[in-house]
Each structure stands twice: as structure tokens, then as C-alpha cells.
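Here's the structure, in C-alpha cells; my notes come after.
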Amino acid sequence: MACKPRCSHFVGPIVAEAIFLNREELPVFPVYYDPVHDFGFLRFNPSKLQFMQVGEVLLAPEAAALGLEIRVVGNDSGEKVSILAGTLARLDRDAPHYGRKNYNDFNTFYLQAASGTKGGSSGSPVIDSQGRAVGLNAGGKNKAASAYYLPLERVVRALHLLQQHWPLGGCISSSWSAAAVSRGDLQTTFMFKGFDEVRRLGLRKDTEGVVRAANARSHGAPGATGEGVHAVGMLVVEATVPGSPADSVLEPGDVLVRMNGQVMSHFLALEEMLDDAVGQSVDIELERGGQPVTLTIPVTDLHSVTPSSMLELAGGSLHALSYQQARTNRAQLGQVYVAEPGYVLGRAAVPKFAIITAVDGVATPDMQTAAKGLTMLQHGARVPLEYYTFNERHRRHTAILQVDRQWYGGPVHWVRDDAAGAWHPSMELPVLLSPGWDSVIAPAAAASRAGKAANQADKVQADGSVCNGVVAEDMVMQVSVPDSQQAMADAGQQQKNGMHPIVAASRRKLSKGTTGAAAAGTANGSSAVPDRQGKAQTGVKRTTRSSTTFAADAAVYGSAKKAEAAVSNSTIIQAAATAAAANLKCSSSEAMTKAVEEAMRASLVLVDVDIPLVALSDGVHARSFQGCGLVVYHGEHMGLVLVDRNTVAIGTCDINLSFGAHPAELPGAVRFLHPLHNFALVSYTPAALPAEARAKVRAAQLLVSPTLARGDRCRLVGLSKSLRIMQRTSNVTSATVALTIPSAEVPRFRAVHEEVVKLDHDFGSTFSGVLTNEEGQVRALWGSYAEQVEHEEREWCAGLPAHVFVPWVERLIAQDTGADSITAPTLPVRVLDAELEAVLLSKAAQLGLPAEWVSLLDDWDPERRQVLRVRSTTANSHAAQALKSGDMLLAVNSQPVTSFADVESVIAAVSVATSVVNVSAEQQPAKRRKGSRNCKAQQPQQQQQPEQQRDQEDQPSVQLTLFRSGAVFDCSVRLGQEDSLGTDRLVHWCGAQLQSPHRAVRELGFQPEGRAGVFVSRWHHGSPAHRYGMFALHWILDVNGKATPDLDTFLEVVKQLQDGDFVRVKVCHLETTQEKVLSLKLDTKYWPTWE
């Protein structure tokens, strides 16, 4: 049996091993947690030790004395063995305070010495010269040498009771419970104060004389029984737990004199009497302001107010508010306490340590009610949730809970098993805090439950005891509230009879205010409000709208006279012409500005992205993102939203779309992630929108040509976090800025091969949106980018021209062929597996580029005057074999190239041609295809190639003209192919998140040859991966000597392993490329294998 402090021996689920001095390791299991004091017991089997004889340390609390020389034996500051010296200076120090949100001991004295112990020595025995333990090292001050030790009297008592229930050499009973060690309390915190201070509280002189004359208790020698020891102070009530038997009975400042006729001036005597009186009542004599008071108070079983179960909810945990937290925060026991928010509660912004008071309009005064309500919610449901925090306990907060059953499954109820020293999942709902716990709560709580049963949960009592069906013991107010049930009934009747009177009156006012504008639009022969119904809106326009139509839109905000002037002075401008916005003649720029706002409001969307902790794939650097998106297609079965990849970084996420056109929200799904460029496409189901919202939402018009150029005037438009339109007019300072974003410490997506637009003025580094002309046609996506600069994240925005993303928008729109459009196949993206960078022609000439090529490229593109150079290649690709860093790319398929767009246009043409050939091959007669397959099947086995290699060789190739080492030559390079949804499979094993190496990893240019298909992208705290050092950025090469080239093989290898098995894992680190072998111990109970 080993005694440990609670800081290393938590009440919640733990898995622990003890490492003995000879480096043998044994599992240990918790067998007892003290509900109040800082100690517990772990059990182990000594017979399992093979090379060491275990000894015992004698516990001698009576040996503690002032001036006693002691030694603290432990692993201070992480040292294997350390022995620190000290001298006991105090036996009656107040219990140390570690902070309001942390565990704090109370109702006890501590020993103090100047031993200077620090982290790592918690639980170390405090030894005297005879080798006896006189205390348990618990804490200390970082800025001083003072250390605090827990006295051992209550430790010895608990050990003796454990030994009685569990004889030496015997087996622990399956019915064992920590409650066998009786622990009683009044749910009251006492403080020891000297007689000088107690007199100021009104203590009478004769009472002080009685207490001074009585024998007192003390820690250690001399006079452990009280002989020769006299009190120097008394116990004073500091606080009571709201709703407890002592609440409103004991008051702060009450001086405790006697309990059951015995003088009480020390915590030892108080605890002994309460521990022996569990389930009974005690008679208390105290003085309150100099007046004697006699009371009888029932003693609470501390185990009954200590949670022994919890509810796991989407990676978070809820349990009944414990005695420790109730005492610290002055709150009633048994409320629904958020120990860890997890994914669902965290997504609703419910903070840690909050108290949930209602779910979906139903009050949740206890865990049983809360668990029932949360379990009944269906996946995808959105329900209101009410809570409060201790920092703002007088204010109730409301959040929208979005129920998730995809990433974590349903709620799981865990129950503590003291006999096994573990926690077990249970399908049964949590019970109340403990059987009979409601027998010790205050009448106010009972009245609250009775009021709830009578459907009066929303009625606030005049004495402030109930608020919204939850005990509000900390609120005292006088409120007069009308009968809410009657008010709701009246409102329901009004809705049945028709529109609410306020809504009807407001609608009439709005209709009167818009009549004039509508008439003005009609007078010009056009509708004041554009048609938003009918056929699906693609949003892809390669010609601009006529200024006649746009001026009619502007008439909504201006007079008919202004609209007529705009019409008479305007002409239709075709797509080949320059941007119409800069040359449009309009008599009212303000009217045009508002018209742009109205047009863009119908197309802009606020995109909120949340990523579960178990799905943080591909090196993504945060769990939530927010940005502005653009509706580019709004069809009957499918809608598409364009957004940057700094907002939608990976496919394993949850997306919420808030539309600017109408107050409506919808979930979205990732449909396309470009592997190179900073844009993504998110789909939604228009039919899920309200009818009014469907009519208001419109697809934006995308203007592909002409492209933006330096000096062009445009509008930067976007949505703020409050869904308000923000816009400003800016000038393009450069439209050909070549990006070079360095790789992050943890590889993740970064935009490559991009030339972006820069403006002279914007809205800051984090405001995303779109760039439009004066007619509201979108010319570029103003997207957010992120990079690491000196280990810090920095964000900035730039414009991505429309010609980059429009082809992919059109291909996705083509898939909208019916109700199954949302589940259409993904679009593969063919890429050159090399990263290119721009080099000035003047620099290239100095590097030896022939003059004829310098002259040609200069004349070919006088704007850029640059050449492309290979910066790096993707690992294990054909490009890595054919290309070298520093190669200058002069032409692709005999076409000179000077920009990234030139290269990608050739690749796109090759991809289209290859797709046509593949389609033609698939349409050939079945007989011919069958003969082809038979021919392959007859090949010798040794000549058959791996499927992955055959797929690579089937990819189309391009002819590159390169300059290397003074020579110009041609080289054929096969194109690579990337999936447009990123990583689509994750495996969790031993708390490590495994996946195939994503492109950002392969872009670094290194990958172990032939066996690198299992990559550790993340690990979880407290897991075996964390404990044994299997961190992120490692490839798993083999397990127990068996190669694991891919995830399927890996799962086949590990499925034979059992809980508690040790396993050898060979890994290779990404940065150092060093291989090493780790050993892990499996824990399939708390860290199972799943995907």
C-alpha cells in the first residue's frame, strides 16, 4: 500500500505505474481517496516484484515536534532520488491555499519546515532520525524555502480501517467502497484564530477561561492525548455550503465552544468526533457576538457529497458539483458542473467550471435530469442551453448547443469502481449525487424541486430561493413577475389567430416606406427588386451586367430622376472591355455604393469552422476559424460558398454558415479543397433554408476577364462578425505579387504557385471578403493567409483573382444533377510535384541563363520580367527523380512560361485532354476491355507492379524545358494527382492520431522509402503516446518487428495486441530523419483503437 497526495492521485480516472528503486515497474490502483484532505492510497501486488524486497515506512504522527530534524526523501525537481534536510518550525500552520479554482485542503493544521522542496517531491515521506514518517510532503512556496507537510493522524486512521476490511495477503472484495472509511462533516469551514482575535469577536471572559483550562489536542509530542497542552485559540466558523444542514444555522464569526459536551479547540478533536458520528446529529455550543447559542446539526457523510460518476459528452465531462467546489465557490451541491467542456460545449462557448441550469428549456438542477435531456437529443439538433459561471453568478448566459454524434458518439456514463481502482462505462443514467444526498440539503432546494414538479420552474419566488427552476441561494431579491404560463398561452392564441400585432404594424410601416422606391424603379421599366427566384443561379458570368439594369437597382436608394440620368448616360459594356465599375457614369455615388451593398449582402456569408480535438488532421494549427465566404451557386438541390483555406483548412470539420441576406444559419460540408491555392468550396442544402431566405440569397457574379491590373479601382466588400456589410474603395498597387510562404514548424497547408493582388488600403490583417467592380461583380477573393514568423502566427490578406477558382466552381456546378448532388464524387487535381519560385531575369542571367532566353522571356512578359526556378520537389514523386532544386523552367510543352498561371494553364489543358481519352476508353466495347484485362492477368507475377506505382505511371506527363548547369535540355515529368478533400481517414491508437502523410509533409522533400504510409500527426495528453514519447512528426515504420507500410497493414498488426501488452514501435522523425525504437504499454480501456 502506498500513500500519495491528491495532486498525483486524482479522484477521476487514472492509470499509474510505480517505478521502484531497482527500476522495476508495477501497476498501482487507487483504493481510497480522502474527500477533504490531501492524501489517498494506491495498492500494488508485492509478489510481482522479482528482484527487490519491499520494506515499510512506519507512520508515527505522534513523533512530530517543534525543532525536530527531518529529511524529505523523494525525487525533488525530477531527480531520481533526493534527500532534503529541514527542521520542523510549526505544527499549527493554516492549510495552504493553491488558488480558488484548484484543490485546497481545509479544517486541518499543517506542519511547516524550511526544507525548500519543489515540484516532483509531492507525497514524499517526511522522515525523522529513526526512519519514521511524521508527515507527508504536500506543497511549498516557490519564492521561499518554506514547505508544508500534511499531519498523519487521519492517514493512520484510514490505513487501519483499510487493513481491517482488507487483511494482509487477502483479496479485496468486489463490494469494497471507499465509504467504508467513514468521514463526517458539517459542510462548514472552520478557521483557527488566537484568543486575541476571538475576543474581538465577542468571546466572553469566563468562556475563554474554561477553554484555556481544558486539556487540548495537538499534533505530535508532547501530550498527544492532551495532557499538559493548553489551547491558545479557538475554532471560528468561516463559511457554510449553501443548501447544507449548517446553512442559515451557523453564521460566519460563530465561535465553537463545545461539541457533544466536549471543549473543541483543535481540528483533530473535531474530525474525530464527526467521523464517528456519520449519519447522526451533534449538539453544538457556540458564542455569537458574546451570546451563547445551542444547536443540533446532522453530520454529513463526506463520501455522499463526493462525485463517484461522470457523464462524458463529446470529449468533455460533466458531474455533480462536488463538496470541494461547492465550498470554494459558495454554491449548492449536486448542480451540473462542467469539468471539461469538450467539443460540443466548447463549440457553444460554454467555459470550464460553468454550471448548466437548463437544456432545451428544461431546468437541470441535478445530473440525472441533465443526462436524460442530453441523451435524448438527436445528432444535428440545435437547442438552447442556459448556464452561469461563478465569476458572474448573478447573470445567466444562453448558448446554442449543436449536438454532435459523429465525432464522439452519444454521451457515456462512467462509474467509479473502488474495488478495481478503475472507472467503467455504464449505459444507465447518472443517479443523484449519492443515495440520500437530498436528505441533507436545505429546504430551499426541496422547494425548488417541488416547484418544478408543479410546472412553476419559471416563477421567481419572492425570497429569491428559486430562479428559472434552479436554486439561486446567492441571490436575494424582491421581484414581481406576471404569470409566464398565462402569457405564453395568450401568445400562442395570437399566433393561431394570425400575425402578432407588433409584427403586423411594423410590416405596414415598412411597406409604406418602400412604396416610393418601388414606383421609381417601375417608372424606368425595370423591377426595383431583382428577381431572386426561378432557375438556379450559377453566379459565373464572363460578361458584365448592363449598366441599365444596375442603375435600376440603384433606384431603390435614389430618386427616379437620378435613376433616369444613370440610364440615359450608360451603355452596355462587354466582358472583353475594361471593368465597367471604374467608368460607370452615375449621378449619385452614394446610391451606387448602397446598391453594391445590397447586391453583395445577398451573396456574402459568415463561415464559422470548428474542428474536434480527435480530427485535427494535416497539421492544422487551431480548433476554430471564422471568415467571410461568397455564394457562387444557389441551385435547387445544392449551393456553393467560396472561402479561403485559412478559414476552411481541412475537410474533417464542422461548418456553420450565417447568411448576410437573411437571418438564417445552416450547416455546410466541404466539397473542394485546392491542394495548392488558397480557396475552398463549401456546399449547403438550399431546401433547408426558410422560404424567405431562399428567395433573398443570390449567387454572386464572377468576372473572369479582364484580370485586375496595377492602378485599377475596386471595392473591398465583406461581412463583419455582426453580419454587417463593410466596404471601401481601394486601388490595386500590384496584381502580380508572387507568394513564397515558408513551411511551418508543424507542416500544414500553405498556398504555393500564387500571384495575388495587393491594395493600397484595406480593413486590417484579418478582414476577408471580395474585390468587386462598381457594379458588384466579383473580380477576386480577398482571402486570409497565415504563416509562422519567428514561432508566432501572423495573418494577412490578399486578393486571389477569379480566373484561379472559377474553373473549379464550374466543374462543381456541373455535378448538380439532382437530389444526390451533395454526395457527388470528388474532383481530382493534377499538379506538378515541384514548388516553383520567381527569380528576376537579371539574377538568372548572372546564374548563366543564355542571353537568347533572357531576351525571349523579357519580351514575352514585360510586366513580370522573371523566370521560374525549382525550389523543391515532393517526396517519392516522379518530379523528385527528374528535377533538382535550382533548375530553371523555361517552357512547358514548348510553350514559354514566366508565371505560375502559365504553367497551370498547360497542366489544365493536359488534364482535360487526358480526361477525354479516359472517357473514350471507358466507352469502348466490353469485349475489348475484357481482353485487355486478361492480357495483364497472364503476365508473370514478378512483373506485376504495385498498384500505387501503376497509378503513378498512368498519370499524364508534360515536357519541360529546363536550364541546369549551363545547359538547356528537355525533360518529361509525370504529373501528380491530389485528392480535393484532403485527408479522409484518421486512426487513433494509444492516444496518437495516425494518418497518411499529407501533401505539406511530402512537400518538405523527405519520406522514408517504401514504408512511410503511417504518420503521427497529433498526440493527446495523458495517453500512452504522451507518456512514452511517441509524439507528432514521426513515421511508424514497424510494430514488434512487422512492417507497417500503410494504415490497413498497421491495423492488422495491432489488432492482435491486448490491454496491458508492451509493444515495440520503430519510428522515424521528420526533422532529424533519425530512426529509433520506442516501447509502449497499451491501455485499451481509456485509449482504444478506433478510426
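We label chains A, B, ... in the order they appear in the C-alpha cells, count residues from 1 in each chain, and number ligands from 1 in the order shown.
If you count only C-alpha atoms and ignore residues fewer than 6 places along the chain from Phe659 in chain A, what sits within 7 Å of it is Leu604, Val605, Leu606 and Glu665 of chain A.
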Writing out the chosen residues with N, CA, C and O atoms as a short mmCIF file (atom, residue, chain, number, x, y, z; two decimals), in the first residue's frame:
data_model
loop_
_atom_site.label_atom_id
_atom_site.label_comp_id
_atom_site.auth_asym_id
_atom_site.auth_seq_id
_atom_site.Cartn_x
_atom_site.Cartn_y
_atom_site.Cartn_z
N LEU A 604 -23.03 37.31 -49.59
CA LEU A 604 -21.97 37.10 -48.59
C LEU A 604 -22.46 36.23 -47.45
O LEU A 604 -23.63 36.25 -47.07
N VAL A 605 -21.53 35.46 -46.90
CA VAL A 605 -21.83 34.50 -45.84
C VAL A 605 -20.71 34.56 -44.81
O VAL A 605 -19.53 34.69 -45.17
N LEU A 606 -21.09 34.49 -43.55
CA LEU A 606 -20.09 34.36 -42.48
C LEU A 606 -19.89 32.86 -42.21
O LEU A 606 -20.85 32.14 -41.93
N GLU A 665 -29.17 30.34 -40.46
CA GLU A 665 -27.93 29.58 -40.35
C GLU A 665 -28.16 28.17 -40.86
O GLU A 665 -29.24 27.60 -40.66
#
Backbone DSSP call of helix (DSSP H, G or I) for range 780-929 of chain A, listed as JSON, numbers by chain: {"A": [802, 803, 804, 805, 806, 807, 808, 809, 810, 811, 812, 813, 821, 822, 823, 841, 842, 843, 844, 845, 846, 851, 852, 853, 854, 855, 856, 857, 858, 859, 860, 878, 879, 880, 881, 882, 900, 901, 902, 903, 904, 905, 906, 907, 908, 909, 910, 911, 912, 913, 914, 915, 916, 917, 918, 919, 920, 921, 922, 926, 927, 928, 929]}
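You can rank A:Leu847, A:Ile611, A:Val156, A:Val831 by their closest distance to Gly135 in chain A using only C-alpha atoms, and at the top of that list sits A:Val156.
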Near-Pro747 in chain A list (10 Å; only C-alpha atoms; drop same-chain fewer than 3 positions) as a ChimeraX atom specification: /A:618-621,742-744,750,998-1004,1017,1033,1070
Range 378-385 of chain A environment, 6 Å, only C-alpha atoms, sequence neighbours closer than 4 positions dropped, as a list in words: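 Listed by chain and then number, they are Ala358, Val359, Asp360, Thr398, Ala399, Ile400, Leu401, Gln402, Val403, Asp404 and Arg405 of chain A.
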Could you write those residues out with N, CA, C and O atoms, as a PDB file, in the first residue's frame?
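The result, stored in again-v2.pdb:
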ATOM      1  N   ALA A 358     -30.130  24.725 -17.567  1.00  0.00           N
ATOM      2  CA  ALA A 358     -31.268  24.278 -18.372  1.00  0.00           C
ATOM      3  C   ALA A 358     -30.776  23.823 -19.734  1.00  0.00           C
ATOM      4  O   ALA A 358     -29.811  24.373 -20.277  1.00  0.00           O
ATOM      5  N   VAL A 359     -31.436  22.801 -20.284  1.00  0.00           N
ATOM      6  CA  VAL A 359     -31.145  22.286 -21.615  1.00  0.00           C
ATOM      7  C   VAL A 359     -32.457  22.196 -22.378  1.00  0.00           C
ATOM      8  O   VAL A 359     -33.398  21.543 -21.922  1.00  0.00           O
ATOM      9  N   ASP A 360     -32.513  22.873 -23.494  1.00  0.00           N
ATOM     10  CA  ASP A 360     -33.714  22.877 -24.338  1.00  0.00           C
ATOM     11  C   ASP A 360     -34.950  23.314 -23.557  1.00  0.00           C
ATOM     12  O   ASP A 360     -36.032  22.749 -23.703  1.00  0.00           O
ATOM     13  N   THR A 398     -26.975  32.357 -22.150  1.00  0.00           N
ATOM     14  CA  THR A 398     -27.675  31.455 -23.062  1.00  0.00           C
ATOM     15  C   THR A 398     -26.778  31.147 -24.255  1.00  0.00           C
ATOM     16  O   THR A 398     -26.163  32.063 -24.816  1.00  0.00           O
ATOM     17  N   ALA A 399     -26.709  29.887 -24.621  1.00  0.00           N
ATOM     18  CA  ALA A 399     -25.903  29.450 -25.760  1.00  0.00           C
ATOM     19  C   ALA A 399     -26.732  28.501 -26.613  1.00  0.00           C
ATOM     20  O   ALA A 399     -27.741  27.957 -26.154  1.00  0.00           O
ATOM     21  N   ILE A 400     -26.295  28.305 -27.847  1.00  0.00           N
ATOM     22  CA  ILE A 400     -26.939  27.351 -28.751  1.00  0.00           C
ATOM     23  C   ILE A 400     -26.071  26.094 -28.785  1.00  0.00           C
ATOM     24  O   ILE A 400     -24.914  26.141 -29.205  1.00  0.00           O
ATOM     25  N   LEU A 401     -26.638  24.996 -28.333  1.00  0.00           N
ATOM     26  CA  LEU A 401     -25.927  23.722 -28.299  1.00  0.00           C
ATOM     27  C   LEU A 401     -26.189  22.975 -29.605  1.00  0.00           C
ATOM     28  O   LEU A 401     -27.322  22.630 -29.913  1.00  0.00           O
ATOM     29  N   GLN A 402     -25.121  22.741 -30.374  1.00  0.00           N
ATOM     30  CA  GLN A 402     -25.228  21.980 -31.610  1.00  0.00           C
ATOM     31  C   GLN A 402     -24.781  20.546 -31.322  1.00  0.00           C
ATOM     32  O   GLN A 402     -23.603  20.290 -31.098  1.00  0.00           O
ATOM     33  N   VAL A 403     -25.727  19.655 -31.304  1.00  0.00           N
ATOM     34  CA  VAL A 403     -25.480  18.281 -30.867  1.00  0.00           C
ATOM     35  C   VAL A 403     -24.664  17.536 -31.922  1.00  0.00           C
ATOM     36  O   VAL A 403     -24.982  17.579 -33.113  1.00  0.00           O
ATOM     37  N   ASP A 404     -23.608  16.882 -31.474  1.00  0.00           N
ATOM     38  CA  ASP A 404     -22.766  16.106 -32.369  1.00  0.00           C
ATOM     39  C   ASP A 404     -22.715  14.659 -31.899  1.00  0.00           C
ATOM     40  O   ASP A 404     -22.468  14.387 -30.736  1.00  0.00           O
ATOM     41  N   ARG A 405     -23.003  13.753 -32.800  1.00  0.00           N
ATOM     42  CA  ARG A 405     -22.874  12.319 -32.529  1.00  0.00           C
ATOM     43  C   ARG A 405     -21.907  11.669 -33.520  1.00  0.00           C
ATOM     44  O   ARG A 405     -21.701  10.468 -33.469  1.00  0.00           O
TER      45      ARG A 405
END
Shell around Ser855 in chain A at 12 Å using only C-alpha atoms, local window under 6 positions removed, as a ChimeraX atom specification: /A:841-842,844-845,849,861-862,865-867
Keeping all heavy atoms, export the residues of the selection given above as a PDB file, in the first residue's frame.
ATOM      1  N   LEU A 841      14.980  38.124 -64.023  1.00  0.00           N
ATOM      2  CA  LEU A 841      15.795  37.761 -65.176  1.00  0.00           C
ATOM      3  C   LEU A 841      17.226  38.264 -65.032  1.00  0.00           C
ATOM      4  O   LEU A 841      18.182  37.631 -65.515  1.00  0.00           O
ATOM      5  CB  LEU A 841      15.160  38.320 -66.451  1.00  0.00           C
ATOM      6  CG  LEU A 841      13.936  37.560 -66.983  1.00  0.00           C
ATOM      7  CD1 LEU A 841      13.335  38.291 -68.175  1.00  0.00           C
ATOM      8  CD2 LEU A 841      14.322  36.142 -67.376  1.00  0.00           C
ATOM      9  N   SER A 842      17.385  39.399 -64.386  1.00  0.00           N
ATOM     10  CA  SER A 842      18.742  39.916 -64.192  1.00  0.00           C
ATOM     11  C   SER A 842      19.575  38.968 -63.326  1.00  0.00           C
ATOM     12  O   SER A 842      20.759  38.753 -63.583  1.00  0.00           O
ATOM     13  CB  SER A 842      18.681  41.300 -63.555  1.00  0.00           C
ATOM     14  OG  SER A 842      17.987  41.246 -62.308  1.00  0.00           O
ATOM     15  N   ALA A 844      18.875  35.698 -63.041  1.00  0.00           N
ATOM     16  CA  ALA A 844      19.021  34.477 -63.820  1.00  0.00           C
ATOM     17  C   ALA A 844      20.174  34.601 -64.810  1.00  0.00           C
ATOM     18  O   ALA A 844      20.904  33.627 -65.062  1.00  0.00           O
ATOM     19  CB  ALA A 844      17.719  34.170 -64.545  1.00  0.00           C
ATOM     20  N   ALA A 845      20.361  35.792 -65.389  1.00  0.00           N
ATOM     21  CA  ALA A 845      21.466  35.985 -66.328  1.00  0.00           C
ATOM     22  C   ALA A 845      22.796  35.805 -65.629  1.00  0.00           C
ATOM     23  O   ALA A 845      23.743  35.229 -66.192  1.00  0.00           O
ATOM     24  CB  ALA A 845      21.356  37.369 -66.966  1.00  0.00           C
ATOM     25  N   LEU A 849      21.948  31.866 -67.364  1.00  0.00           N
ATOM     26  CA  LEU A 849      20.883  31.652 -68.335  1.00  0.00           C
ATOM     27  C   LEU A 849      21.276  32.302 -69.659  1.00  0.00           C
ATOM     28  O   LEU A 849      21.655  33.485 -69.690  1.00  0.00           O
ATOM     29  CB  LEU A 849      19.569  32.249 -67.818  1.00  0.00           C
ATOM     30  CG  LEU A 849      18.345  32.039 -68.712  1.00  0.00           C
ATOM     31  CD1 LEU A 849      17.981  30.555 -68.792  1.00  0.00           C
ATOM     32  CD2 LEU A 849      17.140  32.830 -68.178  1.00  0.00           C
ATOM     33  N   ASP A 861       6.968  38.558 -71.438  1.00  0.00           N
ATOM     34  CA  ASP A 861       6.209  39.088 -70.303  1.00  0.00           C
ATOM     35  C   ASP A 861       6.941  40.301 -69.738  1.00  0.00           C
ATOM     36  O   ASP A 861       7.696  40.208 -68.776  1.00  0.00           O
ATOM     37  CB  ASP A 861       6.050  38.015 -69.218  1.00  0.00           C
ATOM     38  CG  ASP A 861       5.057  38.430 -68.130  1.00  0.00           C
ATOM     39  OD1 ASP A 861       4.650  39.599 -68.107  1.00  0.00           O
ATOM     40  OD2 ASP A 861       4.692  37.570 -67.302  1.00  0.00           O
ATOM     41  N   PRO A 862       6.761  41.474 -70.356  1.00  0.00           N
ATOM     42  CA  PRO A 862       7.468  42.673 -69.880  1.00  0.00           C
ATOM     43  C   PRO A 862       7.007  43.144 -68.501  1.00  0.00           C
ATOM     44  O   PRO A 862       7.708  43.932 -67.870  1.00  0.00           O
ATOM     45  CB  PRO A 862       7.153  43.714 -70.963  1.00  0.00           C
ATOM     46  CG  PRO A 862       5.885  43.238 -71.598  1.00  0.00           C
ATOM     47  CD  PRO A 862       5.932  41.752 -71.544  1.00  0.00           C
ATOM     48  N   ARG A 865       9.041  40.095 -65.986  1.00  0.00           N
ATOM     49  CA  ARG A 865      10.479  40.052 -66.214  1.00  0.00           C
ATOM     50  C   ARG A 865      11.158  39.096 -65.236  1.00  0.00           C
ATOM     51  O   ARG A 865      12.047  39.456 -64.500  1.00  0.00           O
ATOM     52  CB  ARG A 865      11.081  41.450 -66.136  1.00  0.00           C
ATOM     53  CG  ARG A 865      10.362  42.467 -66.973  1.00  0.00           C
ATOM     54  CD  ARG A 865      11.005  43.823 -66.905  1.00  0.00           C
ATOM     55  NE  ARG A 865      12.260  43.851 -67.656  1.00  0.00           N
ATOM     56  CZ  ARG A 865      13.041  44.936 -67.761  1.00  0.00           C
ATOM     57  NH1 ARG A 865      12.674  46.065 -67.145  1.00  0.00           N
ATOM     58  NH2 ARG A 865      14.152  44.894 -68.455  1.00  0.00           N
ATOM     59  N   GLN A 866      10.666  37.863 -65.280  1.00  0.00           N
ATOM     60  CA  GLN A 866      11.153  36.860 -64.347  1.00  0.00           C
ATOM     61  C   GLN A 866      11.192  35.497 -65.011  1.00  0.00           C
ATOM     62  O   GLN A 866      10.633  35.293 -66.095  1.00  0.00           O
ATOM     63  CB  GLN A 866      10.241  36.783 -63.114  1.00  0.00           C
ATOM     64  CG  GLN A 866       8.833  36.279 -63.432  1.00  0.00           C
ATOM     65  CD  GLN A 866       7.877  36.350 -62.253  1.00  0.00           C
ATOM     66  OE1 GLN A 866       8.097  37.105 -61.326  1.00  0.00           O
ATOM     67  NE2 GLN A 866       6.814  35.559 -62.296  1.00  0.00           N
ATOM     68  N   VAL A 867      11.871  34.558 -64.349  1.00  0.00           N
ATOM     69  CA  VAL A 867      11.908  33.172 -64.769  1.00  0.00           C
ATOM     70  C   VAL A 867      11.564  32.323 -63.556  1.00  0.00           C
ATOM     71  O   VAL A 867      11.818  32.724 -62.410  1.00  0.00           O
ATOM     72  CB  VAL A 867      13.298  32.794 -65.332  1.00  0.00           C
ATOM     73  CG1 VAL A 867      14.368  32.872 -64.250  1.00  0.00           C
ATOM     74  CG2 VAL A 867      13.279  31.403 -65.950  1.00  0.00           C
TER      75      VAL A 867
END
Of the listed residues A:Val412, A:Ala354, A:Leu883, A:Leu703, that which approaches Asn391 in chain A most closely, counting only C-alpha atoms: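 For Asn391 in chain A, the nearest of the candidates is A:Ala354.
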Every residue of range 262-467 of chain A that DSSP places in strand (DSSP E), as an MDAnalysis selection string: chainID A and resid 262:263 281:288 291:298 300:301 309:313 316:320 336:340 355:359 362:363 382:388 397:402 412:417 422:426 466:467
Exercise: Ser182 in chain A partners within 8 Å, only C-alpha atoms, chain neighbours under 4 positions left out, as JSON, numbers by chain: {"A": [275, 276, 278, 301]}
Nearest candidate to Val255 in chain A (options A:Phe805, A:Phe190, A:Phe963, A:Tyr103; using only C-alpha atoms):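 Counting only C-alpha atoms, the residue closest to Val255 in chain A is A:Phe190.
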Option closest in space to Arg93 in chain A, from A:Ser218, A:Gln187, A:Gln1074, A:Thr733 [counting only C-alpha atoms]: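 Using only C-alpha atoms, Arg93 in chain A sits closest to A:Ser218.
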Distance criterion (only C-alpha atoms): nearest to Arg645 in chain A out of A:Leu159, A:Leu84, A:Ala680, A:Leu26: A:Ala680
Test item: residues at most 12 Å from Pro690 in chain A, only C-alpha atoms, excluding those fewer than 2 positions along its chain, as a PyMOL selection string: chain A and resi 659+661-666+685-688+692-697
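When only C-alpha atoms are used to measure the gap to Leu616 in chain A, the shortest distance among A:Ser980, A:Gln995, A:Ser683, A:Thr1049 belongs to A:Gln995.
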d(CA of Phe749 in chain A, CA of Thr983 in chain A) in Å: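 Pair CA of Phe749 in chain A / CA of Thr983 in chain A returns 11.7 Å.
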